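Worksheet: one structure, shown below.
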Amino acid sequence: MAMVRMEPVPVRVRADWFDGRPRAVTWADEQLPVLFLAVVRHEEAAYRASVGPRTVFEVQTSRARLVLSYEHRARRWTVQGVDEAGRAA
């Protein structure tokens, strides 16, 4: 059960209006509801000002555990890693 890192893949994420937490991920034609949020990491000082900050969320869906990245300046969501072995029971 290891997280597999991959090239960032663009996805559509429906987030909570007030706190910004991911609620559902649409990857290709499949919509995956987020069951729970495992980890949140704010990376504000790790990037140049031209790139901007990002926030990384590790979420559990019904099919797999995903590492989602939100780039604030570009307003873009990507999947950075997948762990299909860590499925919810």
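Naming works like this for the structure tokens: A, B, ... for the chains as they're shown, residue 1 at the start of each chain, ligands 1 onward in shown order.
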
In chain A, DSSP strand (DSSP E) residues written as a PyMOL selection string: chain A and resi 4-10+12-15+22-27+30-43+54-61+65-71+76-83

Residue contacts of range 44-54 of chain A (7 Å, only C-alpha atoms) excluding same-chain residues fewer than 6 positions away, as a list in words: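 After dropping sequence-adjacent residues, the list is Ser69, Tyr70, Glu71, His72 and Arg73 of chain A.
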
Within 12 Å of range 16-29 of chain A, counting only C-alpha atoms, which residues qualify if same-chain residues fewer than 2 places away don't, as a PyMOL selection string? chain A and resi 9-14+31-41+55-70+72+77-79
